[in-house]
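As stored in run_33.pdb (PDB, C-alpha atoms):
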ATOM      1  CA  MET A   8      46.083  83.962 124.142
ATOM      2  CA  ALA A   9      47.833  86.619 126.215
ATOM      3  CA  GLN A  10      46.462  90.134 126.076
ATOM      4  CA  GLU A  11      48.883  92.871 125.041
ATOM      5  CA  VAL A  12      49.468  96.041 127.040
ATOM      6  CA  LEU A  13      50.790  99.099 125.260
ATOM      7  CA  TYR A  14      53.418 101.212 127.063
ATOM      8  CA  ASP A  15      54.598 104.686 126.101
ATOM      9  CA  LEU A  16      58.329 104.742 126.780
ATOM     10  CA  GLN A  17      60.566 107.804 126.482
ATOM     11  CA  ILE A  18      64.002 106.803 125.199
ATOM     12  CA  GLU A  19      67.109 108.977 125.329
ATOM     13  CA  VAL A  20      69.902 108.208 122.873
ATOM     14  CA  GLU A  21      73.359 109.471 123.737
ATOM     15  CA  GLU A  22      76.444 109.526 121.541
ATOM     16  CA  LEU A  23      79.350 107.797 123.277
ATOM     17  CA  ASP A  24      82.838 109.225 123.051
ATOM     18  CA  ASP A  25      84.631 106.980 125.514
ATOM     19  CA  GLY A  26      86.555 104.624 123.242
ATOM     20  CA  SER A  27      84.039 101.804 123.764
ATOM     21  CA  ASP A  28      82.995  99.330 121.068
ATOM     22  CA  TYR A  29      79.697 101.157 120.463
ATOM     23  CA  ARG A  30      78.910 104.701 119.384
ATOM     24  CA  TYR A  31      75.390 105.168 120.812
ATOM     25  CA  MET A  32      73.561 104.202 124.006
ATOM     26  CA  ALA A  33      69.820 104.326 124.677
ATOM     27  CA  THR A  34      68.408 104.596 128.193
ATOM     28  CA  SER A  35      65.033 105.492 129.659
ATOM     29  CA  SER A  36      64.026 107.276 132.832
ATOM     30  CA  ASP A  37      60.659 105.474 132.433
ATOM     31  CA  LEU A  38      62.379 102.074 132.660
ATOM     32  CA  PRO A  39      65.577 102.686 134.688
ATOM     33  CA  ASN A  40      67.379  99.394 133.949
ATOM     34  CA  LEU A  41      67.032  99.766 130.170
ATOM     35  CA  ILE A  42      70.409 100.088 128.459
ATOM     36  CA  VAL A  43      70.842  99.445 124.737
ATOM     37  CA  VAL A  44      74.033 100.091 122.762
ATOM     38  CA  GLY A  45      74.748 100.101 119.035
ATOM     39  CA  ASP A  46      76.704 101.610 116.194
ATOM     40  CA  THR A  47      73.918 103.927 114.944
ATOM     41  CA  VAL A  48      70.936 105.780 116.394
ATOM     42  CA  GLU A  49      68.680 103.667 114.185
ATOM     43  CA  GLU A  50      70.196 100.458 115.556
ATOM     44  CA  VAL A  51      69.602 101.369 119.210
ATOM     45  CA  LEU A  52      66.044 102.540 118.434
ATOM     46  CA  ASP A  53      65.383  99.261 116.593
ATOM     47  CA  LEU A  54      66.759  97.192 119.492
ATOM     48  CA  ALA A  55      65.232  99.198 122.372
ATOM     49  CA  PRO A  56      61.630  97.886 122.128
ATOM     50  CA  GLY A  57      62.752  94.244 122.260
ATOM     51  CA  VAL A  58      65.100  94.884 125.174
ATOM     52  CA  ALA A  59      62.369  96.828 127.005
ATOM     53  CA  SER A  60      59.880  94.005 126.401
ATOM     54  CA  ALA A  61      62.322  91.432 127.788
ATOM     55  CA  LEU A  62      63.090  93.634 130.793
ATOM     56  CA  ILE A  63      59.402  94.158 131.601
ATOM     57  CA  ALA A  64      58.705  90.417 131.211
ATOM     58  CA  SER A  65      61.643  89.635 133.513
ATOM     59  CA  MET A  66      60.409  92.084 136.141
ATOM     60  CA  ARG A  67      56.909  90.569 136.018
ATOM     61  CA  ALA A  68      58.267  87.010 136.240
ATOM     62  CA  ALA A  69      60.311  87.962 139.319
ATOM     63  CA  GLY A  70      57.290  89.643 140.901
ATOM     64  CA  ASP A  71      59.012  93.037 140.845
ATOM     65  CA  PRO A  72      56.779  96.092 140.489
ATOM     66  CA  LEU A  73      57.000  98.034 137.258
ATOM     67  CA  PRO A  74      58.205 101.637 137.604
ATOM     68  CA  GLU A  75      55.402 104.134 138.187
ATOM     69  CA  THR A  76      56.853 106.247 135.375
ATOM     70  CA  LEU A  77      56.020 103.520 132.826
ATOM     71  CA  ARG A  78      52.765 104.714 131.245
ATOM     72  CA  VAL A  79      50.112 102.374 129.844
ATOM     73  CA  VAL A  80      48.376 103.688 126.722
ATOM     74  CA  SER A  81      44.769 102.665 126.079
ATOM     75  CA  SER A  82      44.695 102.525 122.275
ATOM     76  CA  THR A  83      46.756 100.114 120.222
ATOM     77  CA  PRO A  84      48.191 101.215 116.869
ATOM     78  CA  SER A  85      48.596  98.725 114.033
ATOM     79  CA  GLY A  86      52.231  98.114 115.050
ATOM     80  CA  LEU A  87      55.186  99.420 116.970
ATOM     81  CA  VAL A  88      55.463 103.199 116.784
ATOM     82  CA  ILE A  89      58.721 105.057 117.324
ATOM     83  CA  THR A  90      58.621 108.811 116.813
ATOM     84  CA  PRO A  91      61.503 111.221 117.334
ATOM     85  CA  ASP A  92      60.613 114.025 119.745
ATOM     86  CA  ALA A  93      63.857 115.841 119.023
ATOM     87  CA  VAL A  94      66.528 115.338 116.406
ATOM     88  CA  GLY A  95      69.708 115.453 118.417
ATOM     89  CA  HIS A  96      71.051 118.221 120.591
ATOM     90  CA  ALA A  97      74.419 119.446 119.384
ATOM     91  CA  ASP A  98      75.459 120.583 122.856
ATOM     92  CA  THR A  99      74.701 117.290 124.619
ATOM     93  CA  GLY A 100      74.925 114.692 121.836
ATOM     94  CA  THR A 101      71.534 113.262 122.808
ATOM     95  CA  CYS A 102      68.205 112.794 121.091
ATOM     96  CA  LEU A 103      64.852 111.704 122.466
ATOM     97  CA  SER A 104      62.310 109.290 121.053
ATOM     98  CA  SER A 105      58.984 107.980 122.223
ATOM     99  CA  ALA A 106      58.185 104.326 121.658
ATOM    100  CA  LEU A 107      54.840 102.594 122.017
ATOM    101  CA  LEU A 108      55.563  99.032 123.069
ATOM    102  CA  PRO A 109      52.941  96.268 122.871
ATOM    103  CA  ILE A 110      53.828  93.898 125.724
ATOM    104  CA  PRO A 111      51.933  90.610 126.348
ATOM    105  CA  GLU A 112      50.356  90.292 129.796
ATOM    106  CA  VAL A 113      51.768  87.449 131.880
TER     107      VAL A 113
END

Please express what this file holds, its structure, as structure tokens.
Amino acid sequence: MAQEVLYDLQIEVEELDDGSDYRYMATSSDLPNLIVVGDTVEEVLDLAPGVASALIASMRAAGDPLPETLRVVSSTPSGLVITPDAVGHADTGTCLSSALLPIPEV
């Protein structure tokens, strides 16, 4: 059975006002290629861990190094943890969250 690694990932959610099909976009400076879009903040925060997991697995499979900004956490909670660090910024239309992602080792 594969061992799981737990990553602490900072996620920034931005409100889109560009006429696109989606209203919110999540990105992460910890995992630069992570882009998740959705109709609500909750939707992008729900989707982000799965997209991040797939991205990390893809990087490992290709032999690409993981970003140094991606932090491994030593203790594992009972499940996925997503906690808001800030509840939106009226001036920028963004909010930040921190997600702990259990990712199986390859």

Spatial neighbours of Asn40 of chain A, max dist 9 Å, all atoms listed in the file, sep filter under 6 positions, as a ChimeraX atom specification | /A:34,59,62

One-decimal distance in Å that lies between atom CA of Leu52 of chain A and atom CA of Met32 of chain A =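 Those two atoms sit 9.5 Å apart.
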
Å distance separating atom CA of Thr76 of chain A from atom CA of Val51 of chain A, one decimal place =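 If I compute the distance from atom CA of Thr76 of chain A to atom CA of Val51 of chain A, I get 21.2 Å.
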
Please evaluate the PyMOL selection byres ((chain A and resi 77-79) around 7) against the displayed coordinates and give the resulting residues as a list in words.
->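 Here the PyMOL selection byres ((chain A and resi 77-79) around 7) matches Val12, Leu13, Tyr14, Asp15, Leu16, Asp37, Leu38, Pro74, Glu75, Thr76, Val80 and Ser81 of chain A.
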
Would you translate the PyMOL selection byres ((chain A and resi 44) around 9) into the concrete set of residues it matches in this file, as a ChimeraX atom specification?
-> /A:29-33,42-43,45-47,50-51,54-55

Keeping only C-alpha atoms, write the selected residues to a file as a JSON list (two decimals), in the frame of the given file.
[["chain", "number", "residue", "atom", "x", "y", "z"],
["A", 29, "TYR", "CA", 79.70, 101.16, 120.46],
["A", 30, "ARG", "CA", 78.91, 104.70, 119.38],
["A", 31, "TYR", "CA", 75.39, 105.17, 120.81],
["A", 32, "MET", "CA", 73.56, 104.20, 124.01],
["A", 33, "ALA", "CA", 69.82, 104.33, 124.68],
["A", 42, "ILE", "CA", 70.41, 100.09, 128.46],
["A", 43, "VAL", "CA", 70.84, 99.44, 124.74],
["A", 45, "GLY", "CA", 74.75, 100.10, 119.04],
["A", 46, "ASP", "CA", 76.70, 101.61, 116.19],
["A", 47, "THR", "CA", 73.92, 103.93, 114.94],
["A", 50, "GLU", "CA", 70.20, 100.46, 115.56],
["A", 51, "VAL", "CA", 69.60, 101.37, 119.21],
["A", 54, "LEU", "CA", 66.76, 97.19, 119.49],
["A", 55, "ALA", "CA", 65.23, 99.20, 122.37]]

Could you please determine the separation between atom CA of Ile18 of chain A and atom CA of Asp71 of chain A in Å, to one decimal place?
-> 21.4 Å

Return the padded bounding box of segment 69-74 of chain A as JSON: axis-aligned, built from all atoms listed in the file, 5 Å added on each side, with centre and edge lengths in Å to one decimal.
{"center_x": 58.5, "center_y": 94.8, "center_z": 139.1, "size_x": 13.5, "size_y": 23.7, "size_z": 13.6}

Which is closer to Pro39 of chain A than all the others in A:Gly26, A:Pro56, A:Ala61, A:Leu73, using only C-alpha atoms?
-> A:Leu73
